[in-house]
>>> print(open('model_16.json').read())   # JSON, C-alpha atoms
[["chain", "number", "residue", "atom", "x", "y", "z"],
["A", 1, "MET", "CA", 0.00, 0.00, 0.00],
["A", 2, "GLU", "CA", 1.32, 3.42, -0.89],
["A", 3, "LYS", "CA", 2.54, 5.71, 1.86],
["A", 4, "ARG", "CA", 0.33, 8.76, 2.34],
["A", 5, "ILE", "CA", 0.27, 11.85, 4.51],
["A", 6, "GLN", "CA", -0.56, 11.42, 8.17],
["A", 7, "ILE", "CA", -2.88, 14.26, 9.13],
["A", 8, "ASP", "CA", -2.08, 13.92, 12.83],
["A", 9, "GLU", "CA", 1.54, 14.77, 11.99],
["A", 10, "ILE", "CA", 1.08, 17.60, 9.47],
["A", 11, "GLU", "CA", -2.17, 19.13, 10.74],
["A", 12, "PRO", "CA", -2.23, 18.43, 14.49],
["A", 13, "ILE", "CA", -4.74, 21.21, 15.15],
["A", 14, "ALA", "CA", -7.28, 19.45, 12.94],
["A", 15, "TYR", "CA", -6.74, 16.29, 14.98],
["A", 16, "GLU", "CA", -7.28, 18.24, 18.21],
["A", 17, "GLY", "CA", -10.89, 18.83, 17.13],
["A", 18, "MET", "CA", -11.36, 15.12, 16.55],
["A", 19, "TYR", "CA", -9.89, 14.39, 19.97],
["A", 20, "VAL", "CA", -12.41, 16.76, 21.59],
["A", 21, "LEU", "CA", -15.21, 14.70, 20.02],
["A", 22, "GLU", "CA", -13.48, 11.47, 21.07],
["A", 23, "LYS", "CA", -13.19, 12.71, 24.68],
["A", 24, "TYR", "CA", -16.90, 13.59, 24.67],
["A", 25, "PHE", "CA", -17.65, 10.11, 23.35],
["A", 26, "GLN", "CA", -15.50, 8.47, 26.04],
["A", 27, "LYS", "CA", -17.32, 10.40, 28.79],
["A", 28, "SER", "CA", -20.79, 9.60, 27.44],
["A", 29, "GLN", "CA", -23.27, 7.31, 29.17],
["A", 30, "LEU", "CA", -22.65, 4.57, 26.59],
["A", 31, "SER", "CA", -21.41, 1.34, 28.07],
["A", 32, "THR", "CA", -17.95, 0.17, 27.07],
["A", 33, "THR", "CA", -19.57, -2.71, 25.19],
["A", 34, "HIS", "CA", -21.83, -0.36, 23.24],
["A", 35, "LYS", "CA", -18.92, 1.96, 22.39],
["A", 36, "GLU", "CA", -16.80, -0.87, 21.03],
["A", 37, "LEU", "CA", -19.68, -2.50, 19.12],
["A", 38, "ILE", "CA", -20.30, 0.84, 17.39],
["A", 39, "LYS", "CA", -16.62, 1.31, 16.55],
["A", 40, "ILE", "CA", -16.09, -2.24, 15.31],
["A", 41, "ARG", "CA", -19.30, -2.44, 13.27],
["A", 42, "THR", "CA", -18.71, 0.97, 11.70],
["A", 43, "SER", "CA", -15.16, -0.05, 10.82],
["A", 44, "GLN", "CA", -16.38, -3.34, 9.31],
["A", 45, "ILE", "CA", -18.86, -1.51, 7.08],
["A", 46, "ASN", "CA", -16.29, 1.07, 6.00],
["A", 47, "GLY", "CA", -13.45, -1.45, 5.62],
["A", 48, "CYS", "CA", -11.08, 0.36, 7.98],
["A", 49, "ALA", "CA", -8.30, -2.09, 8.85],
["A", 50, "PHE", "CA", -6.55, 0.36, 11.21],
["A", 51, "CYS", "CA", -9.71, 0.92, 13.27],
["A", 52, "LEU", "CA", -10.72, -2.76, 13.21],
["A", 53, "ASP", "CA", -7.30, -3.74, 14.50],
["A", 54, "MET", "CA", -7.36, -1.16, 17.27],
["A", 55, "HIS", "CA", -10.96, -1.58, 18.42],
["A", 56, "THR", "CA", -11.07, -5.36, 18.40],
["A", 57, "LYS", "CA", -7.98, -5.34, 20.65],
["A", 58, "VAL", "CA", -9.60, -2.80, 22.99],
["A", 59, "ALA", "CA", -12.86, -4.78, 23.05],
["A", 60, "LEU", "CA", -11.02, -7.99, 23.94],
["A", 61, "GLU", "CA", -9.07, -6.18, 26.67],
["A", 62, "ASN", "CA", -12.39, -4.96, 28.08],
["A", 63, "GLY", "CA", -13.88, -8.44, 28.27],
["A", 64, "GLU", "CA", -15.65, -8.78, 24.92],
["A", 65, "SER", "CA", -15.70, -12.35, 23.65],
["A", 66, "LEU", "CA", -13.79, -13.33, 20.53],
["A", 67, "GLN", "CA", -16.88, -15.20, 19.32],
["A", 68, "ARG", "CA", -19.04, -12.05, 19.36],
["A", 69, "ILE", "CA", -16.38, -10.06, 17.53],
["A", 70, "VAL", "CA", -15.96, -12.77, 14.89],
["A", 71, "VAL", "CA", -19.71, -13.02, 14.17],
["A", 72, "LEU", "CA", -20.49, -9.31, 14.53],
["A", 73, "ASP", "CA", -20.94, -8.90, 10.79],
["A", 74, "GLY", "CA", -23.74, -11.50, 11.02],
["A", 75, "TRP", "CA", -25.37, -10.14, 14.19],
["A", 76, "ARG", "CA", -28.89, -10.52, 12.78],
["A", 77, "GLU", "CA", -28.37, -14.28, 12.43],
["A", 78, "THR", "CA", -27.36, -15.03, 16.02],
["A", 79, "ASN", "CA", -28.64, -14.87, 19.57],
["A", 80, "LEU", "CA", -25.26, -13.65, 20.87],
["A", 81, "PHE", "CA", -26.45, -10.03, 21.01],
["A", 82, "SER", "CA", -29.11, -8.57, 23.28],
["A", 83, "GLU", "CA", -32.12, -6.70, 21.92],
["A", 84, "GLU", "CA", -30.50, -3.41, 23.03],
["A", 85, "GLU", "CA", -27.32, -4.31, 21.17],
["A", 86, "LYS", "CA", -29.30, -5.27, 18.06],
["A", 87, "ILE", "CA", -31.01, -1.86, 18.05],
["A", 88, "LEU", "CA", -27.63, -0.19, 18.52],
["A", 89, "LEU", "CA", -26.14, -2.20, 15.64],
["A", 90, "GLU", "CA", -29.11, -1.42, 13.41],
["A", 91, "MET", "CA", -28.66, 2.29, 14.16],
["A", 92, "THR", "CA", -24.95, 1.97, 13.43],
["A", 93, "GLU", "CA", -25.57, 0.39, 10.05],
["A", 94, "GLU", "CA", -28.31, 2.79, 8.97],
["A", 95, "ILE", "CA", -26.37, 5.90, 9.99],
["A", 96, "THR", "CA", -23.10, 4.64, 8.51],
["A", 97, "LEU", "CA", -24.89, 3.75, 5.28],
["A", 98, "ILE", "CA", -26.62, 7.16, 5.18],
["A", 99, "HIS", "CA", -26.93, 6.96, 1.39],
["A", 100, "ASN", "CA", -29.55, 4.20, 1.94],
["A", 101, "LYS", "CA", -31.99, 6.73, 3.47],
["A", 102, "GLY", "CA", -30.28, 6.94, 6.87],
["A", 103, "LEU", "CA", -31.85, 6.15, 10.23],
["A", 104, "SER", "CA", -35.26, 4.69, 9.47],
["A", 105, "ALA", "CA", -38.42, 5.59, 11.33],
["A", 106, "ALA", "CA", -38.79, 1.96, 12.44],
["A", 107, "THR", "CA", -35.30, 1.80, 13.91],
["A", 108, "TYR", "CA", -35.65, 5.21, 15.53],
["A", 109, "GLN", "CA", -38.93, 4.07, 17.10],
["A", 110, "LYS", "CA", -37.28, 0.94, 18.52],
["A", 111, "ALA", "CA", -34.46, 3.08, 19.89],
["A", 112, "SER", "CA", -36.84, 5.59, 21.46],
["A", 113, "THR", "CA", -38.70, 2.85, 23.33],
["A", 114, "THR", "CA", -35.42, 1.33, 24.54],
["A", 115, "PHE", "CA", -33.08, 4.27, 25.18],
["A", 116, "SER", "CA", -33.46, 7.76, 26.64],
["A", 117, "ASP", "CA", -33.24, 10.77, 24.33],
["A", 118, "THR", "CA", -29.81, 11.53, 25.78],
["A", 119, "TYR", "CA", -28.59, 8.00, 25.07],
["A", 120, "ILE", "CA", -29.92, 8.16, 21.51],
["A", 121, "ALA", "CA", -28.12, 11.47, 20.96],
["A", 122, "GLN", "CA", -24.91, 9.97, 22.32],
["A", 123, "VAL", "CA", -25.27, 6.88, 20.11],
["A", 124, "ILE", "CA", -25.73, 9.07, 17.02],
["A", 125, "MET", "CA", -22.69, 11.15, 17.96],
["A", 126, "ALA", "CA", -20.64, 8.01, 18.64],
["A", 127, "ILE", "CA", -21.50, 6.60, 15.21],
["A", 128, "THR", "CA", -20.64, 9.94, 13.60],
["A", 129, "VAL", "CA", -17.26, 10.10, 15.36],
["A", 130, "ALA", "CA", -16.44, 6.50, 14.42],
["A", 131, "ASN", "CA", -17.26, 7.21, 10.79],
["A", 132, "ALA", "CA", -15.08, 10.33, 10.80],
["A", 133, "TRP", "CA", -12.12, 8.39, 12.22],
["A", 134, "ASN", "CA", -12.66, 5.68, 9.58],
["A", 135, "ARG", "CA", -12.63, 8.22, 6.78],
["A", 136, "ILE", "CA", -9.39, 9.77, 8.03],
["A", 137, "ALA", "CA", -7.66, 6.39, 8.51],
["A", 138, "ILE", "CA", -8.80, 4.95, 5.18],
["A", 139, "SER", "CA", -7.98, 7.99, 3.06],
["A", 140, "THR", "CA", -4.50, 8.32, 4.59],
["A", 141, "HIS", "CA", -3.74, 4.57, 4.73],
["A", 142, "LYS", "CA", -3.10, 4.84, 8.46],
["A", 143, "PRO", "CA", -0.61, 2.09, 9.31],
["A", 144, "LEU", "CA", -1.60, -0.59, 11.82],
["A", 145, "LEU", "CA", -0.37, -0.18, 15.36],
["A", 146, "ASP", "CA", 2.14, -2.72, 16.67]]
>>> encode(input="model_16.json", output="C-alpha coordinates")
Amino acid sequence: MEKRIQIDEIEPIAYEGMYVLEKYFQKSQLSTTHKELIKIRTSQINGCAFCLDMHTKVALENGESLQRIVVLDGWRETNLFSEEEKILLEMTEEITLIHNKGLSAATYQKASTTFSDTYIAQVIMAITVANAWNRIAISTHKPLLD
(Lines of atoms letter the chains of each structure in order from A and count residues from 1; the text may use other names and numbers.)
(Lines give C-alpha, C1' and ligand atoms only; values in the text may rest on other atoms or scores of the structure.)
Protein backbone atom coordinates (compact mmCIF):
# COMPACT_ATOMS: atom_id res chain seq x y z
CA MET A 1 0.00 0.00 0.00
CA GLU A 2 1.32 3.42 -0.89
CA LYS A 3 2.54 5.71 1.86
CA ARG A 4 0.33 8.76 2.34
CA ILE A 5 0.27 11.85 4.51
CA GLN A 6 -0.56 11.42 8.17
CA ILE A 7 -2.88 14.26 9.13
CA ASP A 8 -2.08 13.92 12.83
CA GLU A 9 1.54 14.77 11.99
CA ILE A 10 1.08 17.60 9.47
CA GLU A 11 -2.17 19.13 10.74
CA PRO A 12 -2.23 18.43 14.49
CA ILE A 13 -4.74 21.21 15.15
CA ALA A 14 -7.28 19.45 12.94
CA TYR A 15 -6.74 16.29 14.98
CA GLU A 16 -7.28 18.24 18.21
CA GLY A 17 -10.89 18.83 17.13
CA MET A 18 -11.36 15.12 16.55
CA TYR A 19 -9.89 14.39 19.97
CA VAL A 20 -12.41 16.76 21.59
CA LEU A 21 -15.21 14.70 20.02
CA GLU A 22 -13.48 11.47 21.07
CA LYS A 23 -13.19 12.71 24.68
CA TYR A 24 -16.90 13.59 24.67
CA PHE A 25 -17.65 10.11 23.35
CA GLN A 26 -15.50 8.47 26.04
CA LYS A 27 -17.32 10.40 28.79
CA SER A 28 -20.79 9.60 27.44
CA GLN A 29 -23.27 7.31 29.17
CA LEU A 30 -22.65 4.57 26.59
CA SER A 31 -21.41 1.34 28.07
CA THR A 32 -17.95 0.17 27.07
CA THR A 33 -19.57 -2.71 25.19
CA HIS A 34 -21.83 -0.36 23.24
CA LYS A 35 -18.92 1.96 22.39
CA GLU A 36 -16.80 -0.87 21.03
CA LEU A 37 -19.68 -2.50 19.12
CA ILE A 38 -20.30 0.84 17.39
CA LYS A 39 -16.62 1.31 16.55
CA ILE A 40 -16.09 -2.24 15.31
CA ARG A 41 -19.30 -2.44 13.27
CA THR A 42 -18.71 0.97 11.70
CA SER A 43 -15.16 -0.05 10.82
CA GLN A 44 -16.38 -3.34 9.31
CA ILE A 45 -18.86 -1.51 7.08
CA ASN A 46 -16.29 1.07 6.00
CA GLY A 47 -13.45 -1.45 5.62
CA CYS A 48 -11.08 0.36 7.98
CA ALA A 49 -8.30 -2.09 8.85
CA PHE A 50 -6.55 0.36 11.21
CA CYS A 51 -9.71 0.92 13.27
CA LEU A 52 -10.72 -2.76 13.21
CA ASP A 53 -7.30 -3.74 14.50
CA MET A 54 -7.36 -1.16 17.27
CA HIS A 55 -10.96 -1.58 18.42
CA THR A 56 -11.07 -5.36 18.40
CA LYS A 57 -7.98 -5.34 20.65
CA VAL A 58 -9.60 -2.80 22.99
CA ALA A 59 -12.86 -4.78 23.05
CA LEU A 60 -11.02 -7.99 23.94
CA GLU A 61 -9.07 -6.18 26.67
CA ASN A 62 -12.39 -4.96 28.08
CA GLY A 63 -13.88 -8.44 28.27
CA GLU A 64 -15.65 -8.78 24.92
CA SER A 65 -15.70 -12.35 23.65
CA LEU A 66 -13.79 -13.33 20.53
CA GLN A 67 -16.88 -15.20 19.32
CA ARG A 68 -19.04 -12.05 19.36
CA ILE A 69 -16.38 -10.06 17.53
CA VAL A 70 -15.96 -12.77 14.89
CA VAL A 71 -19.71 -13.02 14.17
CA LEU A 72 -20.49 -9.31 14.53
CA ASP A 73 -20.94 -8.90 10.79
CA GLY A 74 -23.74 -11.50 11.02
CA TRP A 75 -25.37 -10.14 14.19
CA ARG A 76 -28.89 -10.52 12.78
CA GLU A 77 -28.37 -14.28 12.43
CA THR A 78 -27.36 -15.03 16.02
CA ASN A 79 -28.64 -14.87 19.57
CA LEU A 80 -25.26 -13.65 20.87
CA PHE A 81 -26.45 -10.03 21.01
CA SER A 82 -29.11 -8.57 23.28
CA GLU A 83 -32.12 -6.70 21.92
CA GLU A 84 -30.50 -3.41 23.03
CA GLU A 85 -27.32 -4.31 21.17
CA LYS A 86 -29.30 -5.27 18.06
CA ILE A 87 -31.01 -1.86 18.05
CA LEU A 88 -27.63 -0.19 18.52
CA LEU A 89 -26.14 -2.20 15.64
CA GLU A 90 -29.11 -1.42 13.41
CA MET A 91 -28.66 2.29 14.16
CA THR A 92 -24.95 1.97 13.43
CA GLU A 93 -25.57 0.39 10.05
CA GLU A 94 -28.31 2.79 8.97
CA ILE A 95 -26.37 5.90 9.99
CA THR A 96 -23.10 4.64 8.51
CA LEU A 97 -24.89 3.75 5.28
CA ILE A 98 -26.62 7.16 5.18
CA HIS A 99 -26.93 6.96 1.39
CA ASN A 100 -29.55 4.20 1.94
CA LYS A 101 -31.99 6.73 3.47
CA GLY A 102 -30.28 6.94 6.87
CA LEU A 103 -31.85 6.15 10.23
CA SER A 104 -35.26 4.69 9.47
CA ALA A 105 -38.42 5.59 11.33
CA ALA A 106 -38.79 1.96 12.44
CA THR A 107 -35.30 1.80 13.91
CA TYR A 108 -35.65 5.21 15.53
CA GLN A 109 -38.93 4.07 17.10
CA LYS A 110 -37.28 0.94 18.52
CA ALA A 111 -34.46 3.08 19.89
CA SER A 112 -36.84 5.59 21.46
CA THR A 113 -38.70 2.85 23.33
CA THR A 114 -35.42 1.33 24.54
CA PHE A 115 -33.08 4.27 25.18
CA SER A 116 -33.46 7.76 26.64
CA ASP A 117 -33.24 10.77 24.33
CA THR A 118 -29.81 11.53 25.78
CA TYR A 119 -28.59 8.00 25.07
CA ILE A 120 -29.92 8.16 21.51
CA ALA A 121 -28.12 11.47 20.96
CA GLN A 122 -24.91 9.97 22.32
CA VAL A 123 -25.27 6.88 20.11
CA ILE A 124 -25.73 9.07 17.02
CA MET A 125 -22.69 11.15 17.96
CA ALA A 126 -20.64 8.01 18.64
CA ILE A 127 -21.50 6.60 15.21
CA THR A 128 -20.64 9.94 13.60
CA VAL A 129 -17.26 10.10 15.36
CA ALA A 130 -16.44 6.50 14.42
CA ASN A 131 -17.26 7.21 10.79
CA ALA A 132 -15.08 10.33 10.80
CA TRP A 133 -12.12 8.39 12.22
CA ASN A 134 -12.66 5.68 9.58
CA ARG A 135 -12.63 8.22 6.78
CA ILE A 136 -9.39 9.77 8.03
CA ALA A 137 -7.66 6.39 8.51
CA ILE A 138 -8.80 4.95 5.18
CA SER A 139 -7.98 7.99 3.06
CA THR A 140 -4.50 8.32 4.59
CA HIS A 141 -3.74 4.57 4.73
CA LYS A 142 -3.10 4.84 8.46
CA PRO A 143 -0.61 2.09 9.31
CA LEU A 144 -1.60 -0.59 11.82
CA LEU A 145 -0.37 -0.18 15.36
CA ASP A 146 2.14 -2.72 16.67
>>> closest_atom_pairs(input="model_16.json", of="stretch 45-130 of chain A", to="stretch 16-25 of chain A", cutoff="8 Å", atoms="only C-alpha atoms", output="CSV")
residue,atom,partner,partner_atom,distance
A:Gln122,CA,A:Phe25,CA,7.3
A:Met125,CA,A:Phe25,CA,7.5
A:Ala126,CA,A:Phe25,CA,6.0
A:Val129,CA,A:Leu21,CA,6.9
>>> closest_residue(input="model_16.json", among="A:Lys39, A:Thr107, A:Ser112, A:Gln67", to="A:Glu94", atoms="all atoms listed in the file")
A:Thr107
>>> atom_distance(input="model_16.json", atom1="atom CA of A:Ala59", atom2="atom CA of A:Arg4")
28.0 Å
>>> closest_residue(input="model_16.json", among="A:Thr140, A:Thr78, A:Thr56, A:Ser65", to="A:Gln44", atoms="only C-alpha atoms")
A:Thr56
>>> closest_residue(input="model_16.json", among="A:Ile138, A:Thr96, A:Tyr119, A:Thr33", to="A:Gly63", atoms="all atoms listed in the file")
A:Thr33
>>> atom_distance(input="model_16.json", atom1="atom CA of A:Met1", atom2="atom CA of A:Ile69")
26.0 Å
>>> residues_around(input="model_16.json", residues="A:Ala130", least_positions_apart="4", cutoff="12 Å", atoms="only C-alpha atoms", output="ChimeraX atom specification")
/A:18-19,21-22,25-26,35-46,48,51-52,55,92-93,95-96,123-126,134-137
